[in-house]
Amino acid sequence: MNLADCKERLAMAGVLFEDGLSEREFAKIEQEYGFCFPEDLRQFLAYALPVSQSWVDWRNGAKTEILERMQWPFEGICFDIEHNSFWLADWGEKPAVLQEAFEIARQNVAKAPKLIPIFSHRFMPDFPAEAGNPVFSVYQTDIIYYGQNLEDYLHNEFRDAFDLASGTTDENHDNLRLIRFWSDIAG
């Protein structure tokens with residue numbers, strides 16, 4: 001990904017940037033929130049930190065807000081367990097007691113790669129800890145691939161800024177990296 005071109009196009013689309021994160025800041029964030037940035041996301045955030053509305057401001061954002069965004073996928077799963085009969089067959093029989101069902105979901109989400117919030121309800125898994133992870137759009141259990149990787153995601157989300165007619169989103173599964181647990185829901 002050409003980081004300079006990407007930043008320029010996003011800035012023309014109205015995205016505000018601050019200086020990129022330092023290695024010290026990355027270490028603090030990863031320790032505080034318990035994940036590792038995949039390499040391409042790390043490079044992007046080291047080059048320039050987007051701080052506009054709906055982006056995660058990893059430098060100055062309130063910890064409670066960041067934690068809420070990180071909890072969004074789990075909370076959405078719980079909502080659909082309670083209101084929309086969501087239950088994965090791999091979890092066994094669904095308990096009749098809602099809190100027990102939530103606990104099973106919590107245990108399974110805890111075993112899955114963490115989802116790192118990027119923009120609005122778009123997330124990138126922290127594992128594998130390498131470049132090329134997909135970006136998911138997460139709204140309750142309506143989880144879809146929104147980009148094959150970070151660059152593809154940015155092209156899809158900010159299509160006009162990159163002069164693209166259409167994105168790849170969930171339609172092209174041929175080159176998608178499968179992510180334990182999350183890809184099962186995105187199915």
# chains A, B, ... in the order shown; residues from 1 in each chain; ligands from 1
>>> select_by_dssp(residues="region 14-156 of chain A", states="strand (DSSP E or B)", output="list in words")
Phe17, Glu18, Asp19, Ala48, Leu49, Pro50, Trp55, Leu115, Ile116, Pro117, Ile118, Phe119, Arg122, Phe123, Met124, Pro125, Val135, Phe136, Ser137, Val138, Tyr139, Asp142, Ile143, Ile144, Tyr145, Tyr146 and Gly147 of chain A
>>> residues_around(residues="region 78-80 of chain A", least_positions_apart="4", cutoff="9 Å", atoms="only C-alpha atoms", output="VMD selection string")
chain A and resid 73 to 74 84 to 87 101 to 102 105 to 106 140 to 141
>>> residues_around(residues="region 142-153 of chain A", least_positions_apart="3", cutoff="10 Å", atoms="only C-alpha atoms", output="compact mmCIF listing (two decimals) with C-alpha atoms, in the first residue's frame")
# COMPACT_ATOMS: atom_id res chain seq x y z
CA MET A 1 0.00 0.00 0.00
CA ASN A 2 1.28 3.43 -0.91
CA LEU A 3 0.85 5.15 2.46
CA CYS A 6 -3.58 6.70 0.81
CA PRO A 38 -1.12 -6.70 12.36
CA ASP A 40 -0.14 -3.47 7.69
CA LEU A 41 -2.36 -1.73 10.23
CA PHE A 44 -0.65 2.67 8.40
CA PRO A 73 -18.80 -7.53 18.61
CA GLY A 76 -23.90 -7.73 19.30
CA ILE A 77 -23.64 -11.49 19.62
CA ASP A 80 -28.77 -11.70 18.75
CA ILE A 118 -10.66 0.72 12.92
CA HIS A 121 -18.17 -0.77 13.02
CA ARG A 122 -15.25 -2.06 10.95
CA PHE A 123 -12.72 -4.33 12.64
CA MET A 124 -9.51 -6.17 11.83
CA ALA A 131 -0.15 -8.26 7.12
CA GLY A 132 -3.13 -9.28 5.03
CA ASN A 133 -5.88 -9.87 7.59
CA PRO A 134 -9.37 -9.07 6.35
CA VAL A 135 -11.50 -6.26 7.68
CA PHE A 136 -14.95 -7.21 8.93
CA SER A 137 -18.04 -5.09 9.13
CA VAL A 138 -19.66 -6.08 12.43
CA TYR A 139 -23.23 -5.26 13.30
CA ASN A 156 -14.26 -0.12 -0.25
CA GLU A 157 -15.05 2.28 2.60
CA PHE A 158 -13.76 5.38 0.83
CA ARG A 159 -14.51 4.36 -2.76
CA GLY A 167 -15.62 -2.56 -4.07
CA THR A 168 -14.97 -6.21 -3.49
CA THR A 169 -16.59 -6.46 -0.04
CA ASP A 170 -18.15 -9.82 0.77
CA GLU A 171 -18.65 -10.91 -2.82
CA ASN A 172 -15.15 -12.16 -3.69
CA HIS A 173 -14.30 -14.97 -1.30
CA ASP A 174 -11.51 -16.49 -3.41
CA ASN A 175 -8.68 -14.57 -1.76
CA LEU A 176 -10.07 -14.07 1.72
CA ARG A 177 -8.02 -15.16 4.69
CA TRP A 182 -15.24 -14.72 12.92
CA SER A 183 -15.18 -16.27 9.45
CA ASP A 184 -17.61 -18.93 10.69
CA ILE A 185 -20.12 -16.24 11.53
CA ALA A 186 -19.40 -14.32 8.34
CA GLY A 187 -19.88 -17.70 6.59
>>> closest_residue(among="A:Glu93, A:Glu100, A:Glu39, A:Glu82", to="Ala129 (chain A)", atoms="only C-alpha atoms")
A:Glu39
>>> residues_around(residues="Phe26 (chain A)", least_positions_apart="6", cutoff="9 Å", atoms="only C-alpha atoms", output="PDB file with N, CA and C atoms, in the first residue's frame")
ATOM      1  N   CYS A  36      -2.119  -7.384  19.491  1.00  0.00           N
ATOM      2  CA  CYS A  36      -1.003  -6.896  18.675  1.00  0.00           C
ATOM      3  C   CYS A  36      -1.548  -6.426  17.330  1.00  0.00           C
ATOM      4  N   PHE A  37      -1.144  -5.240  16.917  1.00  0.00           N
ATOM      5  CA  PHE A  37      -1.560  -4.741  15.612  1.00  0.00           C
ATOM      6  C   PHE A  37      -0.945  -5.603  14.507  1.00  0.00           C
ATOM      7  N   ARG A  42      -0.334  -1.591  11.563  1.00  0.00           N
ATOM      8  CA  ARG A  42       0.732  -0.904  12.311  1.00  0.00           C
ATOM      9  C   ARG A  42       1.425   0.122  11.405  1.00  0.00           C
ATOM     10  N   ALA A  46       1.382   4.085  11.984  1.00  0.00           N
ATOM     11  CA  ALA A  46       2.685   4.704  12.243  1.00  0.00           C
ATOM     12  C   ALA A  46       2.945   5.847  11.259  1.00  0.00           C
ATOM     13  N   TRP A  58      -6.227   6.305  18.836  1.00  0.00           N
ATOM     14  CA  TRP A  58      -5.438   5.474  19.751  1.00  0.00           C
ATOM     15  C   TRP A  58      -4.549   6.296  20.665  1.00  0.00           C
TER      16      TRP A  58
END
>>> select_by_dssp(residues="region 28-176 of chain A", states="alpha helix (DSSP H)", output="PyMOL selection string")
chain A and resi 28-33+39-47+63-83+98-111+150-157
>>> atom_distance(atom1="CA of Lys28 (chain A)", atom2="CA of Pro125 (chain A)")
18.6 Å
>>> closest_residue(among="A:Phe35, A:Ile116, A:Lys94, A:Gln99", to="Gln71 (chain A)", atoms="only C-alpha atoms")
A:Ile116
>>> atom_distance(atom1="CA of Ile179 (chain A)", atom2="CA of Leu88 (chain A)")
15.8 Å
>>> residues_around(residues="Ala161 (chain A)", least_positions_apart="4", cutoff="7 Å", atoms="only C-alpha atoms", output="list in words")
Arg9, Leu10 and Ala13 of chain A
>>> write_last_selection(atoms="C-alpha atoms", output="short mmCIF file (atom, residue, chain, number, x, y, z; two decimals), in the first residue's frame")
data_model
loop_
_atom_site.label_atom_id
_atom_site.label_comp_id
_atom_site.auth_asym_id
_atom_site.auth_seq_id
_atom_site.Cartn_x
_atom_site.Cartn_y
_atom_site.Cartn_z
CA ARG A 9 -6.74 10.62 -0.74
CA LEU A 10 -8.30 10.10 2.68
CA ALA A 13 -12.16 12.96 1.61
#
